[in-house]
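Asker: Next up is a structure, given as structure tokens.
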Amino acid sequence: MWYVITALCLVVGVIGGWFAAERYIAFMQHTEHDFEELFAKNPHPELYDDEGNLDRGDYMAITFDPGFDPEQWDPETDITGPDDIDY
């Protein structure tokens with residue numbers, strides 16, 4: 001009797017561990033796009049390719065300060081690099 005219970009627990013444990021490992025590996029390998037929230041809330045028409053599928057390529061986010069005037073912007077003096085930033 002104990003051999004049957006032991007074998008049954010071993011089989012259930014191995015199968016349960018296998019399923020748990022598969023789920024854990026899938027969870028750890030899941031990568032989400034940086035703008036996935038934007039894609040879900042407000043997908044713009046230019047994000048779609050010719051077949052109508054959402055293109056999750058590389059995108060750049062640009063943030064302008066309030067009161068930014070493009071007429072007064074000078075690329076010679078207004079562009080800062082990583083050495084110019086005070087931490």
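Scheme for the structure tokens: letters A, B, ... for chains in order shown; per-chain residue numbers from 1; ligand numbers from 1 in order shown.
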DSSP on the backbone, helix (DSSP H, G or I) only: what residues of chain A does that give? Format it as number ranges by chain.
Answerer: A: 2-29, 36-41, 45-47, 70-72, 75-78, 82-84
